[in-house]
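Structure first, commentary second.
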Amino acid sequence: MSATSRSLQPVRRFVRTPKGLLTVVLAILTVVAAPVEGMRLVAPMLVAATGTAMATDAVIMRVGDGAWTFPDGGMLTGWIVALILSPHERWWVGVATSAIAIIAKHAVRGKSANVFNPAAIGLVAVYYLFDAAQSWWGALSDAPLAMVAVLVATGAFIADRVNKVPVVIAFLGVYFALATAGAYTGAADTVAELYRAPDLHAALFFAFFMVTDPPTSPPRHRDQLVYGAITAGCAYAVFRGLGAVHFLLSGLLVANVWEAWRRRAQRRARQAARGSVGQPEIAEA
């Protein structure tokens, strides 16, 4: 094996992982979407959000683990933040969003993983702190309609590779079922925008790349169906009740809480079962 091949082995191994595959997919979406928006316009936000997330993640892991580690998780969080925030937004809003996202990831954790989707909690926070705008430009919302095929193809690929297809189907099915029902119950003008850009593209991007987040979503298919339905139901409720731009993200944060509760309850049930097995039986008098 040549020296070049050996040096590329870590890269090849990374690309085969879920994080590596998502990196490739986000790169494809960025390459397609950036020329439509204008590279000079989107570059500052991409650099600010991704750079801040990586730096913050690296420092926190260094303090906790005692060693420097490549912050691939932080990179993906910052990248998603940049693809959702409006490129017309001030660059330091991307810095604040990514910093909040990564700090929350490390501060609010269960036994094995973070509770909240980092990008979601960061984006909701800066909406209230700075009235930050979201355009979901990375979802190809300003690209020709035919380009939605790229979004669906790459998203379906990722969902399949991380074994999260049921949660995508559950979310999209319940979300658009509620929207359709709303159209027939007097809210046609309100819900019509959910079927147009940028909201349609946002829902697809959100379903494929955020609802499927492995650390914060359930591994079992049955639980994924419930998780997806909760996300959709709460997102639609926020949309109808508040009309806030963060309605999708808020629905996800509610589902994150449910998943954290489910994992805690499951863990306690297992501990109780082990405890009962280990207790000696007491004979009746």
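How things are named: the first chain in the structure tokens is A, the next is B, and so on; residues count from 1 in each chain; ligands count from 1 in the order shown.
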
Can you pull out the residues contacting segment 233-250 of chain A? Cut-off 9 Å, using only C-alpha atoms, and skip same-chain residues under 4 positions away; I want them as a PyMOL selection string.
chain A and resi 117+119-121+123-124+127+133-134+171+174-175+178-179+190-191+202-203+206+210+228-229+254-255

How would you write, as a PyMOL selection string, the set of residues in segment 78-254 of chain A that DSSP gives as alpha helix (DSSP H)?
chain A and resi 78-84+91-107+118-130+148-161+165-183+188-191+199-209+221-241+247-254

Filtered DSSP result for segment 75-259 of chain A, state strand (DSSP E or B), as a ChimeraX atom specification:
/A:85,109,114,134

Would you output that residue set with N, CA, C and O atoms, as a PDB file, in the first residue's frame?
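Heads up, here's the output in part.pdb:
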```pdb
ATOM      1  N   LEU A  85     -30.336  29.533   8.577  1.00  0.00           N
ATOM      2  CA  LEU A  85     -30.398  30.976   8.794  1.00  0.00           C
ATOM      3  C   LEU A  85     -30.386  31.727   7.465  1.00  0.00           C
ATOM      4  O   LEU A  85     -29.768  31.296   6.498  1.00  0.00           O
ATOM      5  N   ARG A 109     -27.752  16.786  28.878  1.00  0.00           N
ATOM      6  CA  ARG A 109     -27.486  15.440  28.395  1.00  0.00           C
ATOM      7  C   ARG A 109     -28.181  14.393  29.256  1.00  0.00           C
ATOM      8  O   ARG A 109     -28.415  14.600  30.451  1.00  0.00           O
ATOM      9  N   ASN A 114     -26.984  13.709  24.128  1.00  0.00           N
ATOM     10  CA  ASN A 114     -27.631  14.986  24.387  1.00  0.00           C
ATOM     11  C   ASN A 114     -29.137  14.861  24.224  1.00  0.00           C
ATOM     12  O   ASN A 114     -29.621  14.024  23.464  1.00  0.00           O
ATOM     13  N   GLN A 134     -34.958  33.125   9.201  1.00  0.00           N
ATOM     14  CA  GLN A 134     -34.608  31.821   8.633  1.00  0.00           C
ATOM     15  C   GLN A 134     -35.135  31.749   7.204  1.00  0.00           C
ATOM     16  O   GLN A 134     -36.285  32.088   6.951  1.00  0.00           O
TER      17      GLN A 134
END
```

Which value, in Å to one decimal, gives the distance between atom CA of Ala197 of chain A and atom CA of Asp142 of chain A?
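Calculated distance between atom CA of Ala197 of chain A and atom CA of Asp142 of chain A is 7.6 Å.
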
Pick from A:Phe70, A:Phe209, A:Trp92, A:Trp261: nearest to Val167 of chain A, with only C-alpha atoms counted?
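Among the listed residues, the smallest separation from Val167 of chain A belongs to A:Phe209.
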
Identify which of the residues A:Ala99, A:Ala177, A:Leu83, A:Leu76 lies closest to Val24 of chain A, counting only C-alpha atoms when measuring atom-to-atom distances.
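Nearest candidate to Val24 of chain A out of A:Ala99, A:Ala177, A:Leu83, A:Leu76: A:Leu76.
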
Name the closest residue to Asp199 of chain A among the candidates A:Ile84, A:Val211, A:Ile169, A:Ile230; distances are taken between atoms, counting only C-alpha atoms.
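Comparing A:Ile84, A:Val211, A:Ile169, A:Ile230 against Asp199 of chain A, the winner is A:Ile84.
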
Can you tell me which residues surround segment 149-158 of chain A at a distance of at most 12 Å, considering only C-alpha atoms, apart from same-chain residues fewer than 5 positions away, and format the answer as a PyMOL selection string?
chain A and resi 16-33+137-141+143-144+163-169+200-214
